[in-house]
>>> print(open('coords_39.cif').read())   # mmCIF, C-alpha atoms and all ligand atoms
data_upload
#
loop_
_atom_site.group_PDB
_atom_site.id
_atom_site.type_symbol
_atom_site.label_atom_id
_atom_site.label_comp_id
_atom_site.auth_asym_id
_atom_site.auth_seq_id
_atom_site.Cartn_x
_atom_site.Cartn_y
_atom_site.Cartn_z
ATOM 1 C CA MET A 616 115.238 48.863 82.407
ATOM 2 C CA GLN A 617 112.188 50.549 81.075
ATOM 3 C CA ASN A 618 110.315 49.795 84.331
ATOM 4 C CA ASP A 619 113.146 51.052 86.468
ATOM 5 C CA ASP A 620 113.064 54.277 84.556
ATOM 6 C CA ILE A 621 109.374 54.779 85.184
ATOM 7 C CA PHE A 622 109.807 53.942 88.854
ATOM 8 C CA THR A 623 112.682 56.398 89.264
ATOM 9 C CA LYS A 624 110.827 59.097 87.388
ATOM 10 C CA THR A 625 107.671 58.647 89.457
ATOM 11 C CA LEU A 626 109.613 58.643 92.699
ATOM 12 C CA PHE A 627 111.475 61.746 91.648
ATOM 13 C CA SER A 628 108.306 63.591 90.677
ATOM 14 C CA VAL A 629 106.548 62.605 93.932
ATOM 15 C CA LEU A 630 109.511 63.783 95.969
ATOM 16 C CA SER A 631 109.882 67.045 94.120
ATOM 17 C CA ASN A 632 106.155 67.746 94.407
ATOM 18 C CA MET A 633 106.130 67.235 98.137
ATOM 19 C CA LYS A 634 105.444 70.583 99.718
ATOM 20 C CA LYS A 635 107.971 71.581 102.289
ATOM 21 C CA GLU A 636 106.087 72.516 105.467
ATOM 22 C CA LEU A 637 107.156 76.061 106.150
ATOM 23 C CA PRO A 638 106.900 77.190 109.765
ATOM 24 C CA LYS A 639 103.748 79.273 110.292
ATOM 25 C CA GLN A 640 104.251 83.023 110.757
ATOM 26 C CA LEU A 641 102.553 83.835 114.053
ATOM 27 C CA ASN A 642 103.194 87.572 114.085
ATOM 28 C CA PRO A 643 100.562 89.488 112.061
ATOM 29 C CA LEU A 644 102.985 92.386 111.624
ATOM 30 C CA LEU A 645 105.343 90.289 109.512
ATOM 31 C CA PRO A 646 104.836 89.024 105.953
ATOM 32 C CA GLY A 647 103.530 85.455 105.769
ATOM 33 C CA TYR A 648 100.877 85.630 108.508
ATOM 34 C CA ALA A 649 97.844 83.779 107.123
ATOM 35 C CA PHE A 650 94.950 85.980 108.347
ATOM 36 C CA ASP A 651 92.747 82.879 108.458
ATOM 37 C CA VAL A 652 90.793 84.239 111.403
ATOM 38 C CA PHE A 653 87.596 86.237 111.788
ATOM 39 C CA LEU A 654 89.152 89.050 113.764
ATOM 40 C CA VAL A 655 92.664 90.141 114.609
ATOM 41 C CA SER A 656 93.841 93.571 115.625
ATOM 42 C CA GLY A 657 97.001 95.358 116.575
ATOM 43 C CA MET A 658 99.203 98.375 116.236
ATOM 44 C CA THR A 659 102.042 98.598 113.732
ATOM 45 C CA PRO A 660 104.781 100.898 115.048
ATOM 46 C CA ILE A 661 106.991 101.688 112.068
ATOM 47 C CA GLU A 662 110.226 103.592 112.748
ATOM 48 C CA LYS A 663 112.541 104.608 109.928
ATOM 49 C CA GLY A 664 115.094 101.854 109.252
ATOM 50 C CA ASP A 665 113.700 99.293 111.690
ATOM 51 C CA VAL A 666 112.462 95.805 110.962
ATOM 52 C CA LEU A 667 108.872 96.889 110.204
ATOM 53 C CA ASP A 668 109.978 99.635 107.822
ATOM 54 C CA PHE A 669 108.831 98.051 104.556
ATOM 55 C CA MET A 670 105.885 98.569 102.222
ATOM 56 C CA ILE A 671 102.933 96.335 103.063
ATOM 57 C CA ASP A 672 102.150 94.885 99.663
ATOM 58 C CA ARG A 673 99.046 92.783 99.040
ATOM 59 C CA PRO A 674 98.242 93.267 95.357
ATOM 60 C CA THR A 675 95.133 91.068 95.402
ATOM 61 C CA GLY A 676 93.646 92.417 98.634
ATOM 62 C CA MET A 677 92.645 90.151 101.521
ATOM 63 C CA LYS A 678 89.745 87.868 102.451
ATOM 64 C CA GLY A 679 88.435 90.305 105.045
ATOM 65 C CA PHE A 680 88.187 94.054 105.648
ATOM 66 C CA ILE A 681 90.704 96.252 107.415
ATOM 67 C CA ILE A 682 90.060 99.442 109.291
ATOM 68 C CA ASN A 683 93.158 101.489 109.993
ATOM 69 C CA LEU A 684 93.807 104.582 112.154
ATOM 70 C CA THR A 685 97.007 106.623 112.001
ATOM 71 C CA VAL A 686 98.078 107.626 115.515
ATOM 72 C CA LYS A 687 101.587 108.982 114.937
ATOM 73 C CA GLY A 688 103.831 110.042 112.056
ATOM 74 C CA LYS A 689 102.817 109.777 108.432
ATOM 75 C CA GLY A 690 101.878 106.925 106.126
ATOM 76 C CA LYS A 691 101.997 106.710 102.353
ATOM 77 C CA ILE A 692 99.124 104.810 100.744
ATOM 78 C CA LEU A 693 99.246 103.416 97.167
ATOM 79 C CA SER A 694 101.674 104.655 94.542
ATOM 80 C CA GLY A 695 101.697 106.700 91.359
ATOM 81 C CA ALA A 696 98.852 109.074 90.607
ATOM 82 C CA ASP A 697 96.624 107.654 93.358
ATOM 83 C CA GLU A 698 99.193 107.938 96.138
ATOM 84 C CA PHE A 699 98.028 109.825 99.225
ATOM 85 C CA ILE A 700 99.334 110.591 102.704
ATOM 86 C CA VAL A 701 97.694 109.829 106.039
ATOM 87 C CA GLU A 702 98.312 111.602 109.329
ATOM 88 C CA PRO A 703 97.093 111.228 112.918
ATOM 89 C CA GLY A 704 93.295 111.115 112.934
ATOM 90 C CA ASP A 705 92.967 109.613 109.444
ATOM 91 C CA LEU A 706 90.866 106.474 109.257
ATOM 92 C CA LEU A 707 90.974 104.106 106.281
ATOM 93 C CA LEU A 708 88.740 101.204 105.318
ATOM 94 C CA PHE A 709 90.060 98.537 102.947
ATOM 95 C CA PRO A 710 87.355 96.218 101.576
ATOM 96 C CA PRO A 711 88.488 92.691 100.588
ATOM 97 C CA GLU A 712 89.145 93.524 96.953
ATOM 98 C CA ALA A 713 91.177 96.710 97.559
ATOM 99 C CA VAL A 714 94.889 96.645 96.783
ATOM 100 C CA HIS A 715 97.086 97.097 99.861
ATOM 101 C CA TYR A 716 100.253 99.039 99.279
ATOM 102 C CA TYR A 717 101.363 101.205 102.149
ATOM 103 C CA GLY A 718 104.176 102.111 104.477
ATOM 104 C CA ARG A 719 105.955 105.016 106.160
ATOM 105 C CA ALA A 720 105.878 108.259 104.163
ATOM 106 C CA ASP A 721 109.351 109.131 102.771
ATOM 107 C CA ASP A 722 109.624 112.400 104.670
ATOM 108 C CA ALA A 723 108.455 111.021 108.055
ATOM 109 C CA ASP A 724 110.511 109.313 110.757
ATOM 110 C CA SER A 725 107.707 107.030 111.784
ATOM 111 C CA TRP A 726 104.230 105.768 111.017
ATOM 112 C CA TYR A 727 102.212 104.224 113.851
ATOM 113 C CA HIS A 728 98.821 102.874 112.933
ATOM 114 C CA ARG A 729 96.227 100.802 114.721
ATOM 115 C CA TRP A 730 94.251 98.302 112.660
ATOM 116 C CA VAL A 731 91.565 95.660 112.861
ATOM 117 C CA TYR A 732 91.259 92.873 110.305
ATOM 118 C CA PHE A 733 87.758 91.356 110.307
ATOM 119 C CA ARG A 734 85.139 89.328 108.487
ATOM 120 C CA PRO A 735 82.001 91.443 108.881
ATOM 121 C CA ARG A 736 78.540 90.420 109.965
ATOM 122 C CA ALA A 737 76.007 90.776 107.141
ATOM 123 C CA TYR A 738 73.990 93.576 108.639
ATOM 124 C CA TRP A 739 77.136 95.733 108.879
ATOM 125 C CA ALA A 740 77.024 96.228 105.109
ATOM 126 C CA ASP A 741 75.618 99.757 105.298
ATOM 127 C CA TRP A 742 78.407 100.827 107.639
ATOM 128 C CA LEU A 743 81.074 99.526 105.324
ATOM 129 C CA LYS A 744 80.457 101.961 102.507
ATOM 130 C CA TRP A 745 82.761 104.847 103.208
ATOM 131 C CA PRO A 746 83.105 108.201 101.464
ATOM 132 C CA ASP A 747 85.999 109.685 99.560
ATOM 133 C CA GLU A 748 87.221 106.425 98.030
ATOM 134 C CA VAL A 749 90.517 106.013 96.201
ATOM 135 C CA GLN A 750 90.885 102.636 94.520
ATOM 136 C CA LYS A 751 88.055 101.366 96.764
ATOM 137 C CA ILE A 752 89.829 102.504 99.968
ATOM 138 C CA GLY A 753 87.374 104.579 102.020
ATOM 139 C CA ARG A 754 88.639 107.545 104.047
ATOM 140 C CA ILE A 755 87.408 109.524 107.017
ATOM 141 C CA ARG A 756 89.309 112.355 108.669
ATOM 142 C CA LEU A 757 88.470 112.743 112.359
ATOM 143 C CA ALA A 758 87.412 116.267 113.144
ATOM 144 C CA ASN A 759 89.211 117.099 116.390
ATOM 145 C CA PRO A 760 91.623 115.762 119.059
ATOM 146 C CA GLN A 761 88.712 114.539 121.220
ATOM 147 C CA GLN A 762 87.515 112.332 118.395
ATOM 148 C CA VAL A 763 91.056 111.060 117.777
ATOM 149 C CA ASP A 764 91.315 110.081 121.470
ATOM 150 C CA GLU A 765 87.914 108.444 121.369
ATOM 151 C CA PHE A 766 88.778 106.316 118.332
ATOM 152 C CA ASP A 767 92.239 105.485 119.615
ATOM 153 C CA GLY A 768 90.526 104.196 122.769
ATOM 154 C CA LEU A 769 88.001 102.166 120.769
ATOM 155 C CA PHE A 770 90.749 100.425 118.773
ATOM 156 C CA LEU A 771 92.666 99.668 121.948
ATOM 157 C CA GLU A 772 89.571 98.273 123.656
ATOM 158 C CA ILE A 773 88.967 95.882 120.747
ATOM 159 C CA GLU A 774 92.544 94.646 120.925
ATOM 160 C CA GLU A 775 92.478 94.172 124.686
ATOM 161 C CA LYS A 776 89.069 92.531 124.793
ATOM 162 C CA HIS A 777 90.056 90.091 122.064
ATOM 163 C CA LYS A 778 93.162 89.043 123.975
ATOM 164 C CA GLU A 779 91.267 88.274 127.180
ATOM 165 C CA VAL A 780 91.148 84.598 128.015
ATOM 166 C CA ARG A 781 87.406 84.028 128.210
ATOM 167 C CA PRO A 782 84.972 82.102 126.023
ATOM 168 C CA MET A 783 83.245 85.169 124.596
ATOM 169 C CA SER A 784 86.296 87.336 123.908
ATOM 170 C CA GLU A 785 85.864 87.265 120.122
ATOM 171 C CA GLN A 786 82.133 88.037 120.324
ATOM 172 C CA LEU A 787 82.838 90.931 122.691
ATOM 173 C CA ALA A 788 85.585 92.239 120.394
ATOM 174 C CA MET A 789 83.188 92.005 117.418
ATOM 175 C CA ASN A 790 80.652 93.903 119.459
ATOM 176 C CA LEU A 791 83.150 96.703 120.145
ATOM 177 C CA LEU A 792 84.118 96.745 116.478
ATOM 178 C CA GLU A 793 80.468 97.154 115.607
ATOM 179 C CA ARG A 794 80.383 100.187 117.881
ATOM 180 C CA LEU A 795 83.451 101.603 116.143
ATOM 181 C CA LEU A 796 81.865 101.146 112.712
ATOM 182 C CA ILE A 797 78.610 102.730 113.866
ATOM 183 C CA ARG A 798 80.558 105.726 115.179
ATOM 184 C CA CYS A 799 82.316 106.053 111.814
ATOM 185 C CA TYR A 800 78.959 105.928 110.102
ATOM 186 C CA GLU A 801 77.521 108.452 112.492
ATOM 187 C CA ILE A 802 80.260 111.044 112.120
ATOM 188 C CA THR A 803 80.027 111.087 108.339
ATOM 189 C CA SER A 804 76.851 112.179 106.645
ATOM 190 C CA LEU A 805 76.424 108.618 105.453
ATOM 191 C CA ALA A 806 73.756 108.000 108.039
ATOM 192 C CA ASP A 807 71.343 109.672 105.580
ATOM 193 C CA ASN A 808 72.178 107.173 102.846
ATOM 194 C CA VAL A 809 69.763 104.656 101.409
ATOM 195 C CA PRO A 810 69.771 101.563 103.665
ATOM 196 C CA MET A 811 70.189 97.989 102.500
ATOM 197 C CA ASP A 812 67.504 96.649 100.150
ATOM 198 C CA PRO A 813 64.798 95.006 102.323
ATOM 199 C CA ARG A 814 64.729 91.959 100.035
ATOM 200 C CA VAL A 815 68.443 91.360 100.597
ATOM 201 C CA LEU A 816 67.946 91.780 104.351
ATOM 202 C CA GLU A 817 65.049 89.339 104.212
ATOM 203 C CA ALA A 818 67.223 86.844 102.299
ATOM 204 C CA CYS A 819 69.885 87.154 105.035
ATOM 205 C CA GLN A 820 67.277 86.517 107.690
ATOM 206 C CA ILE A 821 65.910 83.449 105.894
ATOM 207 C CA LEU A 822 69.414 82.060 105.466
ATOM 208 C CA SER A 823 70.442 82.651 109.078
ATOM 209 C CA SER A 824 67.321 81.063 110.478
ATOM 210 C CA SER A 825 67.727 77.939 108.341
ATOM 211 C CA LEU A 826 71.452 77.236 108.392
ATOM 212 C CA SER A 827 70.849 73.498 108.842
ATOM 213 C CA ILE A 828 69.047 73.074 105.531
ATOM 214 C CA GLU A 829 70.130 73.610 101.971
ATOM 215 C CA ILE A 830 67.911 76.305 100.450
ATOM 216 C CA SER A 831 68.671 76.833 96.788
ATOM 217 C CA ILE A 832 69.148 80.316 95.371
ATOM 218 C CA GLU A 833 66.002 79.732 93.298
ATOM 219 C CA GLN A 834 63.902 78.987 96.420
ATOM 220 C CA LEU A 835 65.404 81.931 98.255
ATOM 221 C CA ALA A 836 64.749 84.262 95.335
ATOM 222 C CA GLU A 837 61.143 83.109 95.154
ATOM 223 C CA GLN A 838 60.631 83.896 98.827
ATOM 224 C CA VAL A 839 61.856 87.456 98.434
ATOM 225 C CA PHE A 840 60.108 88.027 95.113
ATOM 226 C CA LEU A 841 63.178 88.467 92.948
ATOM 227 C CA SER A 842 64.625 86.462 90.081
ATOM 228 C CA PRO A 843 67.625 84.306 91.100
ATOM 229 C CA SER A 844 70.042 86.344 89.011
ATOM 230 C CA ARG A 845 68.719 89.683 90.312
ATOM 231 C CA LEU A 846 68.985 88.459 93.913
ATOM 232 C CA ALA A 847 72.519 87.137 93.373
ATOM 233 C CA HIS A 848 73.541 90.462 91.834
ATOM 234 C CA LEU A 849 71.891 92.655 94.483
ATOM 235 C CA PHE A 850 73.277 90.486 97.287
ATOM 236 C CA ARG A 851 76.852 90.721 96.076
ATOM 237 C CA GLU A 852 76.500 94.441 95.448
ATOM 238 C CA GLN A 853 75.100 95.187 98.915
ATOM 239 C CA VAL A 854 76.683 92.571 101.164
ATOM 240 C CA GLY A 855 80.027 92.423 99.362
ATOM 241 C CA VAL A 856 80.209 88.612 98.964
ATOM 242 C CA SER A 857 78.161 85.922 97.197
ATOM 243 C CA ILE A 858 75.151 84.258 98.853
ATOM 244 C CA VAL A 859 76.967 80.925 99.140
ATOM 245 C CA ARG A 860 80.031 82.522 100.680
ATOM 246 C CA TRP A 861 77.956 84.499 103.146
ATOM 247 C CA ARG A 862 76.004 81.443 104.238
ATOM 248 C CA GLU A 863 79.259 79.548 104.738
ATOM 249 C CA ASP A 864 80.540 82.412 106.924
ATOM 250 C CA GLN A 865 77.380 82.297 109.058
ATOM 251 C CA ARG A 866 77.614 78.510 109.352
ATOM 252 C CA ILE A 867 81.187 78.667 110.564
ATOM 253 C CA ILE A 868 80.412 81.519 112.985
ATOM 254 C CA ARG A 869 77.536 79.466 114.447
ATOM 255 C CA ALA A 870 79.609 76.282 114.584
ATOM 256 C CA LYS A 871 82.362 78.131 116.467
ATOM 257 C CA LEU A 872 79.862 79.387 119.012
ATOM 258 C CA LEU A 873 78.316 75.921 119.510
ATOM 259 C CA LEU A 874 81.746 74.310 119.855
ATOM 260 C CA GLN A 875 82.707 76.855 122.457
ATOM 261 C CA THR A 876 79.565 77.011 124.493
ATOM 262 C CA THR A 877 77.973 73.523 124.317
ATOM 263 C CA PRO A 878 79.173 69.954 124.830
ATOM 264 C CA MET A 879 77.426 68.784 121.606
ATOM 265 C CA PRO A 880 79.434 66.284 119.546
ATOM 266 C CA VAL A 881 81.181 67.738 116.490
ATOM 267 C CA ALA A 882 79.043 65.686 114.095
ATOM 268 C CA VAL A 883 75.820 67.062 115.608
ATOM 269 C CA ILE A 884 77.114 70.628 115.407
ATOM 270 C CA GLY A 885 78.032 69.980 111.774
ATOM 271 C CA GLN A 886 74.466 68.859 111.073
ATOM 272 C CA GLN A 887 72.992 71.835 112.903
ATOM 273 C CA VAL A 888 74.849 74.188 110.611
ATOM 274 C CA GLY A 889 74.058 72.303 107.432
ATOM 275 C CA TYR A 890 76.882 69.776 106.980
ATOM 276 C CA ASP A 891 75.556 66.224 107.197
ATOM 277 C CA ASP A 892 78.922 64.796 106.281
ATOM 278 C CA GLN A 893 81.247 65.246 109.277
ATOM 279 C CA LEU A 894 84.408 64.892 107.207
ATOM 280 C CA TYR A 895 83.299 67.596 104.834
ATOM 281 C CA PHE A 896 82.330 69.830 107.774
ATOM 282 C CA SER A 897 85.765 69.362 109.349
ATOM 283 C CA ARG A 898 87.450 70.118 106.035
ATOM 284 C CA VAL A 899 85.502 73.373 105.453
ATOM 285 C CA PHE A 900 85.985 74.385 109.097
ATOM 286 C CA LYS A 901 89.708 73.811 108.983
ATOM 287 C CA LYS A 902 90.018 75.716 105.737
ATOM 288 C CA ARG A 903 88.181 78.712 107.164
ATOM 289 C CA VAL A 904 89.339 78.734 110.796
ATOM 290 C CA GLY A 905 92.806 77.222 110.451
ATOM 291 C CA VAL A 906 92.240 74.338 112.908
ATOM 292 C CA SER A 907 89.828 71.376 113.069
ATOM 293 C CA PRO A 908 86.552 71.703 115.043
ATOM 294 C CA SER A 909 87.878 69.613 117.950
ATOM 295 C CA GLU A 910 91.168 71.536 118.074
ATOM 296 C CA TYR A 911 89.162 74.745 118.047
ATOM 297 C CA ARG A 912 86.978 73.473 120.902
ATOM 298 C CA LYS A 913 90.058 72.605 122.942
ATOM 299 C CA SER A 914 91.749 75.949 122.394
ATOM 300 C CA ALA A 915 88.600 78.008 122.877
ATOM 301 C CA SER A 916 87.225 76.375 125.999
ATOM 302 C CA PRO A 917 87.687 78.230 129.275
ATOM 303 C CA LEU A 918 90.767 77.242 131.279
HETATM 304 C C1 LIG B 1 99.820 94.177 109.442
HETATM 305 C C2 LIG B 1 100.039 95.588 108.921
HETATM 306 C C3 LIG B 1 98.787 96.400 109.163
HETATM 307 C C4 LIG B 1 97.584 95.686 108.636
HETATM 308 C C5 LIG B 1 97.522 94.317 109.215
HETATM 309 C C6 LIG B 1 96.332 93.558 108.711
HETATM 310 O O1 LIG B 1 100.913 93.373 109.074
HETATM 311 O O2 LIG B 1 101.109 96.199 109.591
HETATM 312 O O3 LIG B 1 98.919 97.629 108.511
HETATM 313 O O4 LIG B 1 97.643 95.636 107.253
HETATM 314 O O5 LIG B 1 98.680 93.619 108.869
#
>>> encode(input="coords_39.cif", output="structure tokens", more="lines below")
Ligand code: FCB
Amino acid sequence: MQNDDIFTKTLFSVLSNMKKELPKQLNPLLPGYAFDVFLVSGMTPIEKGDVLDFMIDRPTGMKGFIINLTVKGKGKILSGADEFIVEPGDLLLFPPEAVHYYGRADDADSWYHRWVYFRPRAYWADWLKWPDEVQKIGRIRLANPQQVDEFDGLFLEIEEKHKEVRPMSEQLAMNLLERLLIRCYEITSLADNVPMDPRVLEACQILSSSLSIEISIEQLAEQVFLSPSRLAHLFREQVGVSIVRWREDQRIIRAKLLLQTTPMPVAVIGQQVGYDDQLYFSRVFKKRVGVSPSEYRKSASPL
């Protein structure tokens, strides 16, 4: 009797703990989309009362950055004392830790905004510090209709390039995004700001040129003449993520490129980017990219 009880209880707890596989949300405009990609972009056309007319609410931010341009109508960002309104020509930059709470402004019939969600390259760090921040959200107001057209075109180009079916579409879209960020940097007076600390830049270079080996933070710090804790602090402050996280990003970016552009076996690619254990490599890859390395290779190879 006793045994039966234990059996029934165990079975019951296993069954009730089994996660129900929910269907994946494939539309980034709707709640539930995972954003487990390095770049995705689009336009959110919100009309009063329609299906997209809700507040986008991400209280803990996102893994990546978002740049957002209002092209029509009015948006309401944040709530309470920090609430502010955006209109055509307003650009916003949300870093990963910023709270997202926005939607159509109450007195507007619509809010159309273009956006790009992205995981930045390390050397973009200087271009990702924007002026006029409210709760970490940077803001730039474009100066004239010509600039608004120019930026509208840049956003559209990123979206279109990314959708093209060709092996390098993501790299080309990242390249266009880089241009967009440089233009943002150029049109504000930020271009006069102090650039990234050379020791942090050097650390990035050392890490990128030795992705296949495991350099410790202590060894890295020694090479750039800083203490490990000072380097870790400076790195996070200037790059926006920890050293370990950044290196993992670079490893996955490199692995994606090798999977796409070479016939090298998955295990060899894993080793080249620092994962000697293929299973572990596949696990990290899947966690970061959403699919396994071989699935990624299949989906990313030219038709
Ligand atoms: C969409 C939102 C857009 C932006 C992207 C990342 O669902 O409509 O504003 O936040 O997600």
>>> residues_near_ligand(input="coords_39.cif", ligand="ligand LIG 1 (chain B)", cutoff="10 Å", atoms="all atoms listed in the file", output="PyMOL selection string")
chain A and resi 642-648+650+654-661+667-673+677+679-685+709+715-718+727-733
>>> residues_around(input="coords_39.cif", residues="Gln893 of chain A", least_positions_apart="4", cutoff="7 Å", atoms="all atoms listed in the file", output="compact mmCIF listing (two decimals) with C-alpha atoms, in the coordinates of the input")
# COMPACT_ATOMS: atom_id res chain seq x y z
CA ALA A 882 79.04 65.69 114.10
CA GLY A 885 78.03 69.98 111.77
CA SER A 897 85.76 69.36 109.35
>>> closest_residue(input="coords_39.cif", among="A:Val839, A:Val780, A:Leu792, A:Val714", to="Arg814 of chain A", atoms="only C-alpha atoms")
A:Val839
>>> atom_distance(input="coords_39.cif", atom1="atom CA of Asp705 of chain A", atom2="atom CA of Gly676 of chain A")
20.3 Å
>>> residues_around(input="coords_39.cif", residues="Cys799 of chain A", least_positions_apart="4", cutoff="12 Å", atoms="only C-alpha atoms", output="ChimeraX atom specification")
/A:682-684,705-708,739,741-746,753-758,762-763,765-766,769,792-795,803-806
>>> resolve_selection(input="coords_39.cif", expression="the PyMOL selection byres (((chain A and resi 692) around 9) and not hetatm)", output="PyMOL selection string")
chain A and resi 690-691+693-694+697-701+715-720
>>> resolve_selection(input="coords_39.cif", expression="the PyMOL selection byres (((chain A and resi 738) around 12) and not hetatm)", output="MDAnalysis selection string")
chainID A and resid 734:737 739:743 793 796:797 810:813 815:820 823 850 853:855 861 865
>>> atom_distance(input="coords_39.cif", atom1="atom CA of Ile884 of chain A", atom2="atom CA of Ser909 of chain A")
11.1 Å
